[in-house]
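One structure below.
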Amino acid sequence: MTKGTTAKSPARARAHKHKMSAWESKLHKRLTSERESLRSQMAEYEAQRQALVEDPDAAEMLTDLESGDIGASVEREMDLQKFANVANLLEKVEQAIGRLEQGAYTVCASCSRQIPKARMEALPYADLCVTCQERFERRYA
Ligand SMILES: [Zn+2]
């Protein structure tokens with residue numbers, strides 16, 4: 001077998017099937033840094049939760065909370081909500097990264113039409129075109 005003489009920078013070769021355009025690479029970079037920040041937020045929440053589980057004082061505090069300290073339990077509720085939002089966003093970001101790597105980034109997940117680049121730049125983890133998004137929101141709002 002002769003070595004391919006036209007192969008460019010083999011060190012940069014990746015397992016991606018799709019060769020990203022400059023525009024896709026730009027968004028890929030944006031999304032991966034977003035993913036890192038979301039992951040570290042998740043890790044922070046996880047560490048806080050873990051600390052609560054392991055700290056006997058905190059455990060006692062939790063019992064107090066459950067017995068009716070409304071102010072504090074509302075705060076805890078909001079924390080859980082925030083955690084769920086971060087987890088949800090992280091999932092969307094990961095899916096968007098996957099679609100970028102497969103070359104399906106600007107394809108609407110519902111109608112398969114192209115999503116305008118401007119929309120993807122404004123909402124990098126969108127997976128629906130505006131029409132489908134609106135239909136979806138009308139149905140579930
Ligand atoms: Zn659509």
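Residue numbering restarts at 1 for every chain of the structure tokens, chains are lettered A, B, ... in their displayed order, and ligands are numbered from 1 as they appear.
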
Each residue of chain A with at least one atom at most 12 Å from ligand 1 should appear once, together with its nearest atom pair and the corresponding distance in Å (one decimal); atoms considered: only C-alpha atoms and all ligand atoms; ordering: chain, then increasing residue number; output as CSV.
```
residue,atom,partner,partner_atom_place_in_ligand_line,distance
A:Thr106,CA,ligand 1,1 (Zn),10.2
A:Val107,CA,ligand 1,1 (Zn),8.0
A:Cys108,CA,ligand 1,1 (Zn),4.7
A:Ala109,CA,ligand 1,1 (Zn),6.6
A:Ser110,CA,ligand 1,1 (Zn),5.0
A:Cys111,CA,ligand 1,1 (Zn),4.1
A:Ser112,CA,ligand 1,1 (Zn),6.1
A:Arg113,CA,ligand 1,1 (Zn),5.8
A:Gln114,CA,ligand 1,1 (Zn),7.8
A:Ile115,CA,ligand 1,1 (Zn),7.5
A:Pro116,CA,ligand 1,1 (Zn),10.8
A:Ala126,CA,ligand 1,1 (Zn),10.8
A:Asp127,CA,ligand 1,1 (Zn),8.5
A:Leu128,CA,ligand 1,1 (Zn),5.2
A:Cys129,CA,ligand 1,1 (Zn),4.2
A:Val130,CA,ligand 1,1 (Zn),6.8
A:Thr131,CA,ligand 1,1 (Zn),5.8
A:Cys132,CA,ligand 1,1 (Zn),4.3
A:Gln133,CA,ligand 1,1 (Zn),7.2
A:Glu134,CA,ligand 1,1 (Zn),9.4
A:Arg135,CA,ligand 1,1 (Zn),9.2
A:Phe136,CA,ligand 1,1 (Zn),9.9
```

Write out, as a tab-separated table (two decimals), in the first residue's frame, the residues just selected, with C-alpha atoms.
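What ended up in result21.tsv:
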```tsv
chain	number	residue	atom	x	y	z
A	106	THR	CA	-29.14	22.81	10.27
A	107	VAL	CA	-31.74	20.13	9.51
A	108	CYS	CA	-35.04	20.58	11.33
A	109	ALA	CA	-35.69	17.51	13.52
A	110	SER	CA	-39.37	17.63	12.66
A	111	CYS	CA	-39.82	18.62	9.00
A	112	SER	CA	-36.23	18.04	7.76
A	113	ARG	CA	-36.08	21.46	6.13
A	114	GLN	CA	-32.99	23.62	6.50
A	115	ILE	CA	-32.94	25.89	9.52
A	116	PRO	CA	-31.54	29.35	8.63
A	126	ALA	CA	-32.12	24.70	18.40
A	127	ASP	CA	-33.24	21.55	16.60
A	128	LEU	CA	-36.47	22.83	15.08
A	129	CYS	CA	-37.15	25.45	12.45
A	130	VAL	CA	-39.23	28.44	13.52
A	131	THR	CA	-42.42	26.99	12.01
A	132	CYS	CA	-42.08	23.66	13.83
A	133	GLN	CA	-41.00	25.38	17.03
A	134	GLU	CA	-44.13	27.53	16.99
A	135	ARG	CA	-46.35	24.56	16.28
A	136	PHE	CA	-44.67	22.68	19.14
```

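Reported to one decimal place, the separation of CA of Arg30 in chain A from CA of Gln102 in chain A is 16.7 Å.
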
Report the distance between CA of Ser21 in chain A and CA of Arg119 in chain A in Å, rounded to one decimal place. 17.0 Å
